[in-house]
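**Student:** The structure is given below, and queries will be raised subsequently.
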Amino acid sequence: MLSHIPQAAQDADPNISLAKDIVGTCVHCGVCLSRCPTYAVRHEENDSPRGRIFLIKSMYEKGGAPDARTVEHLDRCLTCLACEAICPSGVEYSKLIAHGREYVEEHYRRPLAERVIRRLLVTMLPRPGLFRAGLAAGRLARPMRGLFSGTLRAMLDMVPTRALPRPSPVDRPQVFRAELAPGGVRRKRVALLNGCVQTVLDTAINEATVRLLQRHGVEVVVAQGSGCCGAPAEHMGDEHRALPLVKANIDAWLREADGPDGLDAIIINTSGCGTSIKAYGHALRLDLQWAEKAARVSAMARDISEFMTEIGLNIPQNPHNLRVVYHSACSMQHGQRIVNQPRDLLRAAGFTVLDVPEGYLCCGSAGTYNLLQPEIATTLKERKLRNIRSVNAQLAASGNIGCMTQLAGEVGIPFVHTVELLDWATGGPEPGALAGLVSAA
């Protein structure tokens with residue numbers, strides 16, 4: 001598939017030059033269509049990876065502002081990366097769609113309502129205090145959600161009906177010392193990304209992560225200055241708001257890495273964030289001041305399931321042999337190619353692990369996608385819920401807060417983070433969502 005992207009455009013923007021190379025690797029085979037969620041829902045070529053590749057190619061060839069039709073189809077992409085994971089030609093679709101969206105945001109003026117909503121999301125989500133306040137306001141407006149449609153209705157529908165947990169003390173900058181047996185030595189020292197949305201919606205995840213790591217002889221630091229990974233803005237193509245967050249994290253973690261105690265890894269327990277952090281090196285590759293530092297951080301990033309596989313799980317103290325259906329987030333299985341580690345850890349912890357039929361298919365969460373594209377997201381959610389229910393599990397687990405938020409309220413069984421089960425099995429408290437499940441079983 002030859003590209004006629006003007007040389008002047010490639011010279012002016014290295015991302016366009018990279019796009020030409022990526023476009024050139026696509027052989028138009030159509031394998032990606034079999035895994036694309038939007039194609040499965042809409043059955044339209046332009047809502048497939050192959051169709052979007054052509055749209056991006058055409059957008060760069062024409063230059064200037066893209067048309068509304070192109071923007072619409074690019075917006076509908078969930079960035080689940082199932083296409084990239086299965087592509088026989090190795091098309092780096094993740095880089096192509098990311099830079100394409102940045103181009104859209106720089107050259108296309110969206111309608112006022114879209115601009116306001118997108119600005120609200122990229123401002124509120126990275127700031128836990130502001131996000132908590134926004135949810136409180138949303139709870140007041142939720143009874144009137146029937147008056148709204150589209151994104152506003154979706155935002156009100158997603159407001160939790162239960163009271164939010166109080167801010168957790170583990171999310172403050174500090175050091176958690178490793179628990180050592182008599183005469184033992186510290187095995188590792190890691191930084192934990194405590195994140196933004198997760199610290200508001202489910203504080204138990206970071207608490208369980210810290211306990212699990214401490215119990216395995218690992219010292220954990222929540223670094224001063226670290227916070228949102230930048231993914232909410234990145235997914236919307238808003239590089240200008242994403243990069244300050246990215247650089248703040250890089251500075252915070254490298255201060256620890258270059259300090260007297262050093263760092264062995266940066267631990268992430270939200271797979272969407274992990275995918276973004278592992279791409280810091282690419283995002284800043286053209287910045288001479290930041291390229292090397294960003295690459296160092298990306299190289300140290302580990303999902304909690306990767307890290308626990310590397311150091312080994314303690315012998316379970318509380319094996320319950322409950323039937324757990326494991327939902328692998330797209331950012332985990334496609335973005336980071338982490339497939340077996342979470343399942344193997346759950347089995348080692350004493351659980352019976354069941355897989356979700358059509359497990360490669362996105363649940364519709366995808367960061368802010370379920371808010372900005374609610375119709376497609378709802379269709380995908382309902383399909384995922386049917387598949388999870390079909391395996392007759394006692395509880396569900398995942399490694400991504402976005403998927404948990406999308407599915408937990410309607411799946412009909414308790415839904416917890418994988419790390420909560422590993423913590424419980426090796427000596428931690430029973431996850432609150434499982435109260436009464438063991439005695440009932």
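To be explicit about the labels: the chains of the structure tokens are called A, B, and onward in the order shown, and within each one the residues are counted from 1, while ligands get numbers from 1 in the order they are shown.
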Sorted by chain and rising residue number, list the residues of segment 236-328 of chain A at most 9 Å from segment 409-425 of chain A (counting only C-alpha atoms), each with its closest atom pair and distance in Å to one decimal, as JSON lines.

**Tutor:**
{"residue": "A:Asn269", "atom": "CA", "partner": "A:Val419", "partner_atom": "CA", "distance": 7.9}
{"residue": "A:Ile304", "atom": "CA", "partner": "A:Val419", "partner_atom": "CA", "distance": 7.7}
{"residue": "A:Ser305", "atom": "CA", "partner": "A:Val419", "partner_atom": "CA", "distance": 7.9}
{"residue": "A:Leu313", "atom": "CA", "partner": "A:Leu422", "partner_atom": "CA", "distance": 8.4}
{"residue": "A:Ile315", "atom": "CA", "partner": "A:Ala425", "partner_atom": "CA", "distance": 8.6}
{"residue": "A:Pro316", "atom": "CA", "partner": "A:Ala425", "partner_atom": "CA", "distance": 5.2}
{"residue": "A:Gln317", "atom": "CA", "partner": "A:Ala425", "partner_atom": "CA", "distance": 5.8}
{"residue": "A:Asn318", "atom": "CA", "partner": "A:Ala425", "partner_atom": "CA", "distance": 4.7}
{"residue": "A:Pro319", "atom": "CA", "partner": "A:Ala425", "partner_atom": "CA", "distance": 6.0}
{"residue": "A:His320", "atom": "CA", "partner": "A:Ala425", "partner_atom": "CA", "distance": 8.0}
{"residue": "A:Tyr326", "atom": "CA", "partner": "A:Thr418", "partner_atom": "CA", "distance": 8.3}

**Student:** Enumerate the residues of segment 199-426 of chain A with a DSSP assignment of strand (DSSP E or B), computed from the backbone, and present them as a count of residues only.

**Tutor:** 27

**Student:** Please provide the set of residues having any atom within 12 Å of Cys77 of chain A, restricted to only C-alpha atoms, with same-chain residues fewer than 6 positions apart removed, written as a ChimeraX atom specification.

**Tutor:** /A:36-39,41-42,46-53,70-71,83,93-94,96-98,100-101,235-236,362,364-370,372-373,376-377

**Student:** Could you please write out, as a PyMOL selection string, every residue of segment 145-391 of chain A that DSSP assigns to alpha helix (DSSP H)?

**Tutor:** chain A and resi 150-157+198-201+204-215+231-235+239-257+271-277+280-283+291-300+304-311+330+340-348+369-372+374-389

**Student:** Return the single residue from A:Arg177, A:Glu207, A:Leu18, A:Leu81 that is closest to Pro429 of chain A, with distances computed using only C-alpha atoms.

**Tutor:** A:Glu207

**Student:** Just want the 9 Å neighbourhood of Leu156 of chain A, counted on only C-alpha atoms, with same-chain residues fewer than 3 positions away dropped. Output as a CSV table (one decimal) with C-alpha atoms, in the first residue's frame.

**Tutor:**
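The new file part.csv reads:
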chain,number,residue,atom,x,y,z
A,135,LEU,CA,-18.7,12.9,41.2
A,138,GLY,CA,-23.0,14.2,39.5
A,139,ARG,CA,-24.7,12.3,42.3
A,141,ALA,CA,-27.8,15.5,39.2
A,142,ARG,CA,-28.2,11.8,38.7
A,143,PRO,CA,-31.9,11.6,39.4
A,144,MET,CA,-32.5,13.9,36.5
A,145,ARG,CA,-30.3,11.9,34.0
A,148,PHE,CA,-30.1,14.1,29.0
A,151,THR,CA,-22.3,11.9,26.6
A,152,LEU,CA,-24.0,13.8,29.4
A,153,ARG,CA,-26.4,10.9,30.1
A,159,VAL,CA,-21.6,8.2,38.7
A,160,PRO,CA,-21.4,5.6,41.5

**Student:** Calculate how many Å separate atom CA of Arg76 of chain A from atom CA of Arg302 of chain A, rounding to one decimal.

**Tutor:**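 So the answer is 29.0 Å.
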
**Student:** Between A:Thr352, A:Thr209, A:Asn194, A:Thr199, single out the one closest to Arg323 of chain A, counting only C-alpha atoms.

**Tutor:**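 Checking each of A:Thr352, A:Thr209, A:Asn194, A:Thr199 against Arg323 of chain A, counting only C-alpha atoms, the winner is A:Thr352.
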
**Student:** Set the distance at 10 Å and use only C-alpha atoms: which residues neighbour Ala181 of chain A once local chain neighbours fewer than 4 positions away are removed? I'd like the list as an MDAnalysis selection string.

**Tutor:** chainID A and resid 185:186 215:217

**Student:** Write the residues of the preceding selection, restricted to all heavy atoms, as a CSV table (one decimal), in the first residue's frame.

**Tutor:**
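That gives us out.csv:
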chain,number,residue,atom,x,y,z
A,185,VAL,N,16.7,-10.2,54.1
A,185,VAL,CA,17.2,-8.9,53.4
A,185,VAL,C,16.1,-8.5,52.5
A,185,VAL,O,15.3,-9.2,52.0
A,185,VAL,CB,18.5,-9.1,52.7
A,185,VAL,CG1,19.6,-9.5,53.6
A,185,VAL,CG2,18.3,-10.2,51.6
A,186,ARG,N,16.1,-7.2,52.3
A,186,ARG,CA,15.1,-6.6,51.3
A,186,ARG,C,15.4,-7.1,49.9
A,186,ARG,O,16.5,-7.1,49.4
A,186,ARG,CB,15.2,-5.1,51.3
A,186,ARG,CG,14.2,-4.3,50.5
A,186,ARG,CD,14.5,-2.8,50.5
A,186,ARG,NE,15.6,-2.5,49.7
A,186,ARG,CZ,16.2,-1.3,49.6
A,186,ARG,NH1,15.8,-0.4,50.5
A,186,ARG,NH2,17.2,-1.1,48.8
A,215,ARG,N,4.8,-7.9,52.0
A,215,ARG,CA,4.8,-9.3,52.5
A,215,ARG,C,5.8,-10.1,51.7
A,215,ARG,O,6.3,-11.1,52.2
A,215,ARG,CB,3.4,-9.9,52.3
A,215,ARG,CG,3.2,-11.2,53.1
A,215,ARG,CD,1.8,-11.7,52.9
A,215,ARG,NE,0.8,-10.7,53.4
A,215,ARG,CZ,-0.1,-10.1,52.6
A,215,ARG,NH1,-0.3,-10.5,51.3
A,215,ARG,NH2,-0.9,-9.2,53.1
A,216,HIS,N,6.1,-9.7,50.5
A,216,HIS,CA,7.1,-10.4,49.7
A,216,HIS,C,8.5,-9.8,49.7
A,216,HIS,O,9.3,-10.0,48.8
A,216,HIS,CB,6.6,-10.5,48.2
A,216,HIS,CG,5.5,-11.5,48.1
A,216,HIS,ND1,4.2,-11.3,48.5
A,216,HIS,CD2,5.5,-12.8,47.6
A,216,HIS,CE1,3.4,-12.3,48.2
A,216,HIS,NE2,4.2,-13.3,47.7
A,217,GLY,N,8.7,-9.0,50.8
A,217,GLY,CA,10.1,-8.5,51.0
A,217,GLY,C,10.4,-7.3,50.1
A,217,GLY,O,11.6,-7.0,49.8

**Student:** Could you name the residues that touch Val325 of chain A at 10 Å or less, counting only C-alpha atoms, but leaving out those on the same chain fewer than 2 positions away, as a ChimeraX atom specification?

**Tutor:** /A:322-323,327-328,343,351-356,388-389,391-398,415

**Student:** Which of these residues is nearest to Ala279 of chain A, using only C-alpha atoms: A:Ala40, A:Ala231, A:Leu245, A:Leu385?

**Tutor:**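 Of the candidates, the smallest distance to Ala279 of chain A is held by A:Ala231.
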
**Student:** Between atom CA of Gly262 of chain A and atom CA of Pro167 of chain A, what is the distance, to one decimal in Å?

**Tutor:**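 About the pair atom CA of Gly262 of chain A and atom CA of Pro167 of chain A: they are 28.0 Å apart.
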